[in-house]
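Participant: Provided herewith is a single structure, encoded as structure tokens, for subsequent inquiry.
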Amino acid sequence: MSAQDIIIRPIITEKTMEGNSEKKYTFEVNKSSSKIDIARAVEELFDVKVSKVNTLHVRGRMRRQGRNQGYTRSWKKAVVTLTQDSKTIEFFESMV
């Protein structure tokens with residue numbers, strides 16, 4: 001699996017942007033990827049050094065529209081912490 005297949009998209013919210021000052025970045029990742037796969041993909045894509053990776057599964061939520069109801073899709077989130085001597089990810093710096 002390539003790095004582009006593992007990292008699906010960055011998560012841009014107020015809460016995740018607060019972590020950028022501590023070099024913590026949040027991504028939606030492939031459900032079957034491991035922490036080691038995620039760390040290698042981030043290092044390859046952004047040319048940084050990863051200190052640790054925390055992952056969590058986000059469950060689909062019940063949603064209704066009138067009489068119809070169903071679940072949103074479930075997905076996997078990864079919070080990647082970079083080492084202190086590593087450079088920052090420029091994509092997130094332009095968002096602030």
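Naming scheme: A, B, ... for chains in displayed order of the structure tokens; residues 1 onward per chain; ligands 1 onward as shown.
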Write out as a PDB file with C-alpha atoms, in the first residue's frame which residues come within 12 Å of A:Glu18 when counting only C-alpha atoms, dropping same-chain ones fewer than 6 positions away.

Facilitator:
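What follows is the written file result-v2.pdb:
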ATOM      1  CA  ILE A  12      -9.122  20.530   9.999  1.00  0.00           C
ATOM      2  CA  LYS A  24       0.403  17.151  16.735  1.00  0.00           C
ATOM      3  CA  TYR A  25      -1.381  16.645  13.431  1.00  0.00           C
ATOM      4  CA  THR A  26      -4.624  14.750  12.794  1.00  0.00           C
ATOM      5  CA  PHE A  92      -1.164  23.018   8.326  1.00  0.00           C
ATOM      6  CA  GLU A  93       0.840  26.214   8.890  1.00  0.00           C
ATOM      7  CA  MET A  95      -4.333  27.176   7.691  1.00  0.00           C
ATOM      8  CA  VAL A  96      -3.661  29.281  10.795  1.00  0.00           C
TER       9      VAL A  96
END

Participant: Per DSSP on the backbone, what are the alpha helix (DSSP H) residues of chain A, as number ranges by chain?

Facilitator: A: 3-6, 14-18, 35-46, 90-93

Participant: Among chain A, which residues carry a DSSP assignment of strand (DSSP E or B), reported as an mmCIF file with C-alpha atoms, in the first residue's frame?

Facilitator:
data_model
loop_
_atom_site.group_PDB
_atom_site.id
_atom_site.type_symbol
_atom_site.label_atom_id
_atom_site.label_comp_id
_atom_site.auth_asym_id
_atom_site.auth_seq_id
_atom_site.Cartn_x
_atom_site.Cartn_y
_atom_site.Cartn_z
ATOM 1 C CA ILE A 7 -3.295 8.945 4.532
ATOM 2 C CA ILE A 8 -6.750 9.836 3.178
ATOM 3 C CA ARG A 9 -7.148 13.470 4.279
ATOM 4 C CA PRO A 10 -6.163 15.901 7.052
ATOM 5 C CA LYS A 24 0.403 17.151 16.735
ATOM 6 C CA TYR A 25 -1.381 16.645 13.431
ATOM 7 C CA THR A 26 -4.624 14.750 12.794
ATOM 8 C CA PHE A 27 -5.440 12.683 9.704
ATOM 9 C CA GLU A 28 -8.147 10.351 8.457
ATOM 10 C CA VAL A 29 -6.385 7.110 7.604
ATOM 11 C CA VAL A 50 7.402 10.991 13.720
ATOM 12 C CA SER A 51 7.670 10.525 17.480
ATOM 13 C CA LYS A 52 4.424 8.626 18.102
ATOM 14 C CA VAL A 53 1.044 7.807 16.575
ATOM 15 C CA ASN A 54 -2.281 7.511 18.401
ATOM 16 C CA THR A 55 -5.202 5.953 16.528
ATOM 17 C CA LEU A 56 -8.914 5.648 17.197
ATOM 18 C CA HIS A 57 -11.921 4.276 15.356
ATOM 19 C CA VAL A 58 -14.754 6.764 14.854
ATOM 20 C CA MET A 62 -27.341 7.604 13.442
ATOM 21 C CA ARG A 63 -28.733 10.296 11.165
ATOM 22 C CA ARG A 64 -32.325 10.981 10.124
ATOM 23 C CA GLN A 65 -33.866 12.901 7.281
ATOM 24 C CA ASN A 68 -35.490 7.848 6.501
ATOM 25 C CA GLN A 69 -32.668 6.967 8.842
ATOM 26 C CA GLY A 70 -29.261 5.394 8.588
ATOM 27 C CA TYR A 71 -25.709 5.516 9.816
ATOM 28 C CA TRP A 75 -13.590 5.701 9.827
ATOM 29 C CA LYS A 76 -10.184 5.696 11.508
ATOM 30 C CA LYS A 77 -8.422 8.783 12.868
ATOM 31 C CA ALA A 78 -4.709 9.136 13.629
ATOM 32 C CA VAL A 79 -3.043 11.825 15.751
ATOM 33 C CA VAL A 80 0.615 12.021 14.717
ATOM 34 C CA THR A 81 3.152 13.652 17.055
ATOM 35 C CA LEU A 82 6.437 14.818 15.540
#

Participant: Restricting the calculation to only C-alpha atoms: of A:Asn30, A:Ser21, A:Thr72, A:Gln4, which residue gets closest to A:Gln84?

Facilitator: A:Ser21
